[in-house]
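Raw contents of start-v5.cif, mmCIF, C-alpha atoms:
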data_work
loop_
_atom_site.label_atom_id
_atom_site.label_comp_id
_atom_site.auth_asym_id
_atom_site.auth_seq_id
_atom_site.Cartn_x
_atom_site.Cartn_y
_atom_site.Cartn_z
CA MET A 2 11.10 -16.49 16.41
CA LEU A 3 11.80 -13.39 18.51
CA LYS A 4 14.60 -12.54 16.12
CA GLN A 5 12.15 -12.67 13.21
CA ILE A 6 9.66 -10.45 14.96
CA GLY A 7 12.35 -7.97 15.82
CA LEU A 8 12.32 -6.31 19.20
CA THR A 9 9.00 -4.60 19.00
CA MET A 10 7.16 -6.98 21.27
CA VAL A 11 6.79 -6.72 25.01
CA ALA A 12 10.17 -8.24 25.84
CA GLY A 13 11.59 -4.97 27.11
CA ALA A 14 12.10 -3.43 23.70
CA VAL A 15 8.97 -1.30 23.52
CA LEU A 16 7.15 1.18 25.67
CA SER A 17 3.36 1.21 25.91
CA THR A 18 3.18 2.83 22.48
CA GLY A 19 4.22 -0.40 20.74
CA LEU A 20 7.01 1.53 18.98
CA PRO A 21 10.74 0.81 19.18
CA THR A 22 12.44 2.55 22.10
CA GLU A 23 14.73 4.50 19.76
CA ASP A 24 13.72 7.79 18.14
CA VAL A 25 11.36 6.53 15.45
CA GLY A 26 11.30 9.75 13.47
CA ALA A 27 15.07 9.96 13.22
CA GLN A 28 16.05 6.32 13.05
CA SER A 29 13.21 4.46 11.29
CA LYS A 30 14.06 5.80 7.84
CA GLY A 31 17.53 4.28 8.02
CA LYS A 32 16.25 0.76 8.51
CA SER A 33 15.42 -1.80 5.86
CA LEU A 34 11.92 -1.43 4.46
CA LEU A 35 11.22 -4.96 5.70
CA ASP A 36 12.63 -4.39 9.19
CA SER A 37 9.90 -5.00 11.77
CA ASN A 38 11.31 -2.11 13.83
CA ARG A 39 10.55 0.34 11.02
CA ILE A 40 7.18 2.07 10.92
CA ILE A 41 5.97 2.26 7.31
CA ASN A 42 3.86 5.14 5.96
CA VAL A 43 1.99 4.09 2.81
CA ALA A 44 0.38 6.85 0.72
CA HIS A 45 -2.89 5.10 -0.05
CA ARG A 46 -3.72 5.68 -3.73
CA GLY A 47 -1.24 8.54 -3.42
CA ALA A 48 -2.11 11.47 -1.16
CA SER A 49 -5.73 10.71 -1.94
CA GLY A 50 -7.09 12.83 0.90
CA TYR A 51 -5.84 15.92 -0.91
CA ALA A 52 -5.80 15.07 -4.64
CA PRO A 53 -7.64 12.75 -7.04
CA GLU A 54 -6.70 9.18 -6.19
CA HIS A 55 -4.33 7.30 -8.48
CA THR A 56 -3.33 10.39 -10.46
CA MET A 57 0.14 11.82 -10.84
CA PRO A 58 -0.56 14.84 -8.56
CA ALA A 59 -1.66 12.46 -5.79
CA TYR A 60 1.46 10.34 -6.20
CA GLU A 61 3.69 13.40 -6.34
CA MET A 62 2.18 14.87 -3.19
CA GLY A 63 2.51 11.63 -1.26
CA HIS A 64 6.03 10.93 -2.46
CA LYS A 65 7.66 14.34 -2.68
CA LYS A 66 5.72 16.62 -0.33
CA PHE A 67 4.80 14.19 2.44
CA LYS A 68 7.72 11.81 1.86
CA ALA A 69 5.69 8.67 2.46
CA ASP A 70 7.66 5.43 2.41
CA TYR A 71 5.57 3.98 -0.41
CA ILE A 72 3.41 4.97 -3.34
CA GLU A 73 0.49 2.56 -3.39
CA ILE A 74 -0.84 1.55 -6.82
CA ASP A 75 -3.95 -0.51 -7.51
CA LEU A 76 -3.85 -2.25 -10.88
CA GLN A 77 -6.56 -2.86 -13.44
CA MET A 78 -5.92 -4.08 -17.00
CA THR A 79 -7.30 -2.65 -20.22
CA LYS A 80 -8.81 -4.60 -23.09
CA ASP A 81 -5.52 -4.35 -24.97
CA GLY A 82 -3.43 -5.53 -22.03
CA HIS A 83 -2.11 -2.34 -20.43
CA LEU A 84 -1.80 -2.09 -16.64
CA ILE A 85 -3.37 1.12 -15.34
CA ALA A 86 -3.61 2.70 -11.91
CA MET A 87 -7.22 2.48 -10.80
CA HIS A 88 -8.99 1.06 -7.78
CA ASP A 89 -12.31 0.04 -9.29
CA GLU A 90 -13.04 -2.47 -12.05
CA THR A 91 -15.18 0.23 -13.67
CA VAL A 92 -14.28 3.80 -14.57
CA ASP A 93 -17.58 5.22 -13.28
CA ARG A 94 -16.56 6.51 -9.84
CA THR A 95 -13.29 8.27 -10.61
CA THR A 96 -13.74 9.46 -14.20
CA ASN A 97 -16.40 11.00 -16.40
CA GLY A 98 -16.81 7.69 -18.22
CA THR A 99 -18.81 4.53 -17.65
CA GLY A 100 -18.13 0.84 -18.07
CA ALA A 101 -15.62 -1.85 -17.20
CA VAL A 102 -11.91 -1.25 -17.60
CA LYS A 103 -11.50 -4.68 -19.21
CA GLU A 104 -13.81 -3.60 -22.03
CA LYS A 105 -11.88 -0.44 -22.88
CA THR A 106 -8.61 0.06 -24.73
CA LEU A 107 -5.91 2.26 -23.27
CA ALA A 108 -6.69 4.89 -25.90
CA GLN A 109 -10.28 4.99 -24.66
CA ILE A 110 -9.18 5.21 -21.04
CA LYS A 111 -6.85 8.08 -21.88
CA LYS A 112 -9.76 10.15 -23.18
CA LEU A 113 -11.37 10.20 -19.74
CA ASP A 114 -11.22 12.98 -17.14
CA ALA A 115 -9.89 11.48 -13.89
CA GLY A 116 -9.81 14.68 -11.82
CA SER A 117 -13.01 16.71 -12.06
CA TRP A 118 -14.94 14.30 -9.82
CA PHE A 119 -12.56 15.16 -6.97
CA ASN A 120 -13.23 18.88 -7.29
CA LYS A 121 -16.97 18.28 -7.09
CA ALA A 122 -16.62 15.98 -4.08
CA ASN A 123 -14.07 18.20 -2.28
CA PRO A 124 -14.78 21.86 -3.13
CA THR A 125 -12.40 23.17 -0.44
CA LEU A 126 -9.53 21.20 -2.01
CA ALA A 127 -10.51 21.78 -5.63
CA LYS A 128 -7.87 22.90 -8.13
CA LYS A 129 -8.27 23.89 -11.76
CA SER A 130 -5.25 21.73 -12.57
CA TYR A 131 -7.20 18.62 -11.54
CA VAL A 132 -9.68 19.09 -14.37
CA GLY A 133 -8.82 16.77 -17.24
CA LEU A 134 -6.25 14.67 -15.39
CA LYS A 135 -5.49 11.40 -17.14
CA VAL A 136 -5.49 7.88 -15.74
CA PRO A 137 -1.81 6.87 -15.54
CA THR A 138 -0.43 3.55 -16.65
CA LEU A 139 1.91 1.71 -14.33
CA GLN A 140 4.64 2.30 -16.91
CA GLU A 141 4.08 6.05 -16.70
CA VAL A 142 4.39 5.98 -12.91
CA VAL A 143 7.60 3.97 -13.17
CA ASN A 144 8.89 6.34 -15.86
CA LYS A 145 8.35 9.23 -13.45
CA TYR A 146 9.98 7.76 -10.35
CA GLY A 147 12.20 4.89 -11.44
CA LYS A 148 14.26 3.64 -8.52
CA HIS A 149 13.75 6.88 -6.62
CA ALA A 150 10.50 5.62 -5.08
CA ASN A 151 9.19 2.55 -3.32
CA TYR A 152 6.14 0.84 -4.78
CA TYR A 153 3.33 -1.00 -3.00
CA ILE A 154 1.41 -2.61 -5.89
CA GLU A 155 -1.88 -4.49 -5.69
CA THR A 156 -3.10 -7.04 -8.19
CA LYS A 157 -6.71 -5.93 -8.13
CA SER A 158 -9.40 -8.44 -9.17
CA PRO A 159 -6.81 -10.77 -10.75
CA GLU A 160 -9.48 -13.31 -11.59
CA VAL A 161 -10.87 -10.73 -14.04
CA TYR A 162 -7.50 -10.23 -15.74
CA PRO A 163 -5.76 -13.52 -16.66
CA GLY A 164 -2.02 -13.04 -16.95
CA MET A 165 -1.94 -9.85 -14.88
CA GLU A 166 0.82 -11.17 -12.63
CA LYS A 167 3.20 -11.99 -15.49
CA LYS A 168 2.56 -8.64 -17.15
CA LEU A 169 3.37 -6.89 -13.87
CA LEU A 170 6.58 -8.79 -13.27
CA ASP A 171 7.67 -8.41 -16.89
CA LEU A 172 7.17 -4.64 -16.61
CA LEU A 173 9.15 -4.49 -13.39
CA LYS A 174 11.95 -6.51 -14.97
CA ARG A 175 12.11 -4.28 -18.06
CA ASN A 176 12.47 -1.27 -15.80
CA GLY A 177 15.14 -2.66 -13.50
CA LEU A 178 12.70 -3.12 -10.63
CA SER A 179 12.68 -6.91 -10.36
CA SER A 180 13.59 -8.42 -6.99
CA ASP A 181 17.21 -9.00 -8.00
CA ARG A 182 17.69 -5.37 -9.04
CA VAL A 183 16.25 -3.40 -6.12
CA LYS A 184 16.83 -3.05 -2.42
CA SER A 185 14.83 -5.41 -0.22
CA GLY A 186 11.22 -4.27 -0.05
CA GLN A 187 11.48 -1.49 -2.64
CA VAL A 188 8.67 -3.23 -4.50
CA LEU A 189 5.96 -4.99 -2.50
CA ILE A 190 3.12 -6.84 -4.19
CA GLN A 191 -0.14 -7.23 -2.34
CA SER A 192 -3.47 -8.89 -3.08
CA PHE A 193 -6.62 -10.18 -1.44
CA SER A 194 -6.14 -13.21 -3.69
CA ALA A 195 -3.75 -15.78 -2.24
CA GLU A 196 -3.84 -17.49 -5.64
CA SER A 197 -2.59 -14.32 -7.33
CA LEU A 198 0.24 -13.99 -4.81
CA GLN A 199 1.21 -17.61 -5.41
CA LYS A 200 1.33 -16.91 -9.15
CA VAL A 201 3.68 -14.01 -8.49
CA ARG A 202 5.80 -16.24 -6.30
CA SER A 203 5.98 -18.94 -8.98
CA ILE A 204 7.46 -16.40 -11.39
CA ASP A 205 9.68 -14.53 -8.92
CA SER A 206 10.18 -16.35 -5.64
CA LYS A 207 12.03 -13.44 -4.04
CA VAL A 208 9.59 -10.57 -4.45
CA PRO A 209 8.08 -9.73 -1.03
CA LEU A 210 4.35 -10.39 -0.84
CA ILE A 211 1.60 -9.01 1.40
CA GLN A 212 -1.67 -10.85 2.00
CA LEU A 213 -4.57 -8.41 2.18
CA MET A 214 -7.46 -9.37 4.45
CA GLU A 215 -11.05 -8.27 4.95
CA ALA A 216 -12.24 -7.52 8.49
CA LYS A 217 -14.17 -10.78 8.79
CA GLU A 218 -11.04 -12.77 7.89
CA VAL A 219 -9.05 -11.01 10.60
CA SER A 220 -11.72 -11.73 13.21
CA SER A 221 -11.48 -15.48 12.50
CA LEU A 222 -7.69 -15.71 12.22
CA THR A 223 -5.98 -18.76 13.70
CA SER A 224 -2.32 -19.50 14.27
CA THR A 225 -2.60 -22.23 11.62
CA LYS A 226 -3.83 -19.72 9.04
CA LEU A 227 -1.08 -17.26 9.95
CA LYS A 228 1.54 -19.97 9.57
CA GLU A 229 0.17 -20.76 6.11
CA ILE A 230 0.41 -17.09 5.11
CA ARG A 231 3.96 -16.92 6.48
CA LYS A 232 5.02 -19.60 3.99
CA TYR A 233 4.59 -17.20 1.06
CA ALA A 234 4.17 -13.67 2.45
CA VAL A 235 6.29 -11.32 4.56
CA GLY A 236 3.26 -9.56 5.97
CA VAL A 237 -0.47 -8.97 6.08
CA GLY A 238 -2.59 -5.96 5.22
CA PRO A 239 -5.83 -6.26 7.18
CA SER A 240 -8.73 -3.90 7.65
CA TYR A 241 -7.76 -1.87 10.70
CA LYS A 242 -11.32 -2.08 12.06
CA ALA A 243 -10.89 -5.73 13.07
CA LEU A 244 -7.55 -5.32 14.84
CA THR A 245 -7.26 -5.80 18.57
CA ARG A 246 -4.26 -5.86 20.85
CA GLU A 247 -4.57 -9.64 20.95
CA ASN A 248 -4.70 -10.39 17.24
CA VAL A 249 -1.96 -7.85 16.51
CA LYS A 250 0.24 -9.72 18.96
CA ALA A 251 -0.67 -13.05 17.34
CA ILE A 252 0.20 -11.72 13.88
CA ARG A 253 3.49 -10.26 15.03
CA GLN A 254 4.44 -13.44 16.86
CA GLN A 255 4.41 -15.21 13.49
CA GLY A 256 7.09 -12.82 12.25
CA LEU A 257 4.72 -11.03 9.88
CA LEU A 258 4.79 -7.34 9.06
CA LEU A 259 1.46 -5.66 9.74
CA HIS A 260 0.23 -2.78 7.54
CA PRO A 261 -3.50 -2.19 8.11
CA TYR A 262 -5.72 -0.14 5.79
CA THR A 263 -7.07 2.58 5.58
CA VAL A 264 -6.23 4.56 8.70
CA ASN A 265 -7.10 8.24 8.39
CA GLU A 266 -7.91 9.48 11.89
CA LYS A 267 -5.20 10.40 14.38
CA VAL A 268 -6.86 8.57 17.26
CA GLU A 269 -6.82 5.32 15.27
CA MET A 270 -3.21 5.82 14.20
CA VAL A 271 -2.17 6.25 17.82
CA ARG A 272 -4.19 3.23 18.93
CA LEU A 273 -2.73 0.98 16.26
CA LEU A 274 0.82 2.05 16.96
CA ASP A 275 0.15 1.28 20.60
CA TYR A 276 -1.00 -2.20 19.58
CA GLY A 277 2.23 -2.77 17.66
CA VAL A 278 1.46 -2.45 13.93
CA THR A 279 4.48 -1.88 11.69
CA GLY A 280 2.86 0.77 9.50
CA VAL A 281 -0.42 1.89 7.98
CA PHE A 282 -2.08 2.75 4.70
CA THR A 283 -3.49 6.25 4.91
CA ASN A 284 -4.99 8.92 2.66
CA TYR A 285 -3.18 11.45 4.87
CA ALA A 286 0.49 10.57 4.94
CA ASP A 287 1.29 13.96 6.50
CA ARG A 288 -1.03 13.19 9.42
CA PHE A 289 0.64 9.85 10.09
CA ASN A 290 4.08 11.46 9.89
CA ALA A 291 2.97 13.86 12.62
CA VAL A 292 1.70 11.00 14.79
CA ILE A 293 5.00 9.12 14.41
CA LYS A 294 6.90 12.27 15.32
CA GLU A 295 4.77 12.87 18.40
CA SER A 296 5.18 9.27 19.49
CA SER A 297 8.96 9.44 19.10
CA LYS A 298 9.07 12.59 21.27
CA LYS A 299 7.15 10.82 24.03
CA ILE A 300 9.57 7.90 23.89
CA SER A 301 12.63 10.14 24.09
CA LYS A 302 11.42 11.96 27.22
#
Whole structure given in structure tokens:
Amino acid sequence: MLKQIGLTMVAGAVLSTGLPTEDVGAQSKGKSLLDSNRIINVAHRGASGYAPEHTMPAYEMGHKKFKADYIEIDLQMTKDGHLIAMHDETVDRTTNGTGAVKEKTLAQIKKLDAGSWFNKANPTLAKKSYVGLKVPTLQEVVNKYGKHANYYIETKSPEVYPGMEKKLLDLLKRNGLSSDRVKSGQVLIQSFSAESLQKVRSIDSKVPLIQLMEAKEVSSLTSTKLKEIRKYAVGVGPSYKALTRENVKAIRQQGLLLHPYTVNEKVEMVRLLDYGVTGVFTNYADRFNAVIKESSKKISK
């Protein structure tokens, strides 16, 4: 079991920070994406603290400028069966349109402005170039980055979109991103729905899966439940608000990776690294990079 967990637990391999004793900033990037000694920086909806979420500028900033380990993509599905990058089931919050994604064709989605809302909400970060941004399809994101990026993809509301899992895996396969064509962990698939993850697993048993969890689920976690998750997933993505030193230890002892969401404040990043998480989702990938760097300096002294 200790071998599965790696050497990030208390058995002499970590300092009080919960990080590996080696220089995290210099060495972590060289490790496998699924190595429990590697701290993962996930650009949540892209660099969504600085640019409109789930748009190409947000992905580009997170990937190229901040060099996050992963681009995170939430999936919805249009009326005519296209997978698009959007968090909500409706277009209301992040575009100038209204209504459910499932009731709109891709052509209708493409007519929407997915950037102006950000300028209104964040006047100090507003850019003229954000006006008129389009909602990207998953295919467009893959066309842009290919195998030069790592993808953390969520099947969002899969019960609303029958067949979403197969469409996703078929798209990955067509683009050379299926589990047998990429490095371990280059594509992670996450969901709050265990049923959706099991569907993915039934189609491709080797793709790494992450079980997302609401805060209330984390608070009631048992070792039995964690063992059940371990049968199909390599890790969990819980709300960071419910994490304690004790339940982090319990999760890690089951050999599970631990990537909580959505951690935006430095004090919380430091606390969670101290507890022993193996990465975080954040709207500010640059901020988490700085925290990792500071932590590695403390370890090396």
Residue by residue, what does the PyMOL selection byres ((chain A and resi 156) around 8) grab here? Present the result as a PyMOL selection string.
chain A and resi 75-77+154-155+157-159+165-166+190-192+197
Include C-alpha atoms and write out the residues we just selected as a PDB file, keeping the file's coordinate frame.
ATOM      1  CA  ASP A  75      -3.950  -0.510  -7.510  1.00  0.00           C
ATOM      2  CA  LEU A  76      -3.850  -2.250 -10.880  1.00  0.00           C
ATOM      3  CA  GLN A  77      -6.560  -2.860 -13.440  1.00  0.00           C
ATOM      4  CA  ILE A 154       1.410  -2.610  -5.890  1.00  0.00           C
ATOM      5  CA  GLU A 155      -1.880  -4.490  -5.690  1.00  0.00           C
ATOM      6  CA  LYS A 157      -6.710  -5.930  -8.130  1.00  0.00           C
ATOM      7  CA  SER A 158      -9.400  -8.440  -9.170  1.00  0.00           C
ATOM      8  CA  PRO A 159      -6.810 -10.770 -10.750  1.00  0.00           C
ATOM      9  CA  MET A 165      -1.940  -9.850 -14.880  1.00  0.00           C
ATOM     10  CA  GLU A 166       0.820 -11.170 -12.630  1.00  0.00           C
ATOM     11  CA  ILE A 190       3.120  -6.840  -4.190  1.00  0.00           C
ATOM     12  CA  GLN A 191      -0.140  -7.230  -2.340  1.00  0.00           C
ATOM     13  CA  SER A 192      -3.470  -8.890  -3.080  1.00  0.00           C
ATOM     14  CA  SER A 197      -2.590 -14.320  -7.330  1.00  0.00           C
TER      15      SER A 197
END
Just checking: using only C-alpha atoms, which residue out of A:Lys32, A:Lys145, A:Lys66, A:Arg39 ends up closest to Leu259 in chain A?
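When distances to Leu259 in chain A are compared using only C-alpha atoms, the smallest one comes from A:Arg39.
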Neighbours of point (-0.2, 3.4, -2.1) within 9 Å, using only C-alpha atoms, written as an MDAnalysis selection string:
chainID A and resid 43:48 55 60 63 71:75 152:155 282:284
Selection to disk with C-alpha atoms, as an mmCIF file, keeping the file's coordinate frame:
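Result went into out_26.cif, see below:
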data_model
loop_
_atom_site.group_PDB
_atom_site.id
_atom_site.type_symbol
_atom_site.label_atom_id
_atom_site.label_comp_id
_atom_site.auth_asym_id
_atom_site.auth_seq_id
_atom_site.Cartn_x
_atom_site.Cartn_y
_atom_site.Cartn_z
ATOM 1 C CA VAL A 43 1.990 4.090 2.810
ATOM 2 C CA ALA A 44 0.380 6.850 0.720
ATOM 3 C CA HIS A 45 -2.890 5.100 -0.050
ATOM 4 C CA ARG A 46 -3.720 5.680 -3.730
ATOM 5 C CA GLY A 47 -1.240 8.540 -3.420
ATOM 6 C CA ALA A 48 -2.110 11.470 -1.160
ATOM 7 C CA HIS A 55 -4.330 7.300 -8.480
ATOM 8 C CA TYR A 60 1.460 10.340 -6.200
ATOM 9 C CA GLY A 63 2.510 11.630 -1.260
ATOM 10 C CA TYR A 71 5.570 3.980 -0.410
ATOM 11 C CA ILE A 72 3.410 4.970 -3.340
ATOM 12 C CA GLU A 73 0.490 2.560 -3.390
ATOM 13 C CA ILE A 74 -0.840 1.550 -6.820
ATOM 14 C CA ASP A 75 -3.950 -0.510 -7.510
ATOM 15 C CA TYR A 152 6.140 0.840 -4.780
ATOM 16 C CA TYR A 153 3.330 -1.000 -3.000
ATOM 17 C CA ILE A 154 1.410 -2.610 -5.890
ATOM 18 C CA GLU A 155 -1.880 -4.490 -5.690
ATOM 19 C CA PHE A 282 -2.080 2.750 4.700
ATOM 20 C CA THR A 283 -3.490 6.250 4.910
ATOM 21 C CA ASN A 284 -4.990 8.920 2.660
#
Could you spell out the hits of the PyMOL selection byres ((chain A and resi 244) around 12) on the shown file, as a PyMOL selection string?
chain A and resi 214-222+237-243+245-252+259-262+264+269-270+272-278
Which residues fall under the PyMOL selection byres ((chain A and resi 233) around 10) in this file, as a list in words?
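Evaluating the PyMOL selection byres ((chain A and resi 233) around 10) on these coordinates yields Ala195, Leu198, Gln199, Arg202, Ser206, Lys207, Val208, Pro209, Leu210, Ile211, Gln212, Lys228, Glu229, Ile230, Arg231, Lys232, Ala234, Val235 and Gly236 of chain A.
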Pick from A:Gly116, A:Gly177, A:Gly31, A:Gly82, whichever lies nearest to Gly164 in chain A using only C-alpha atoms
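Smallest separation from Gly164 in chain A among the options: A:Gly82.
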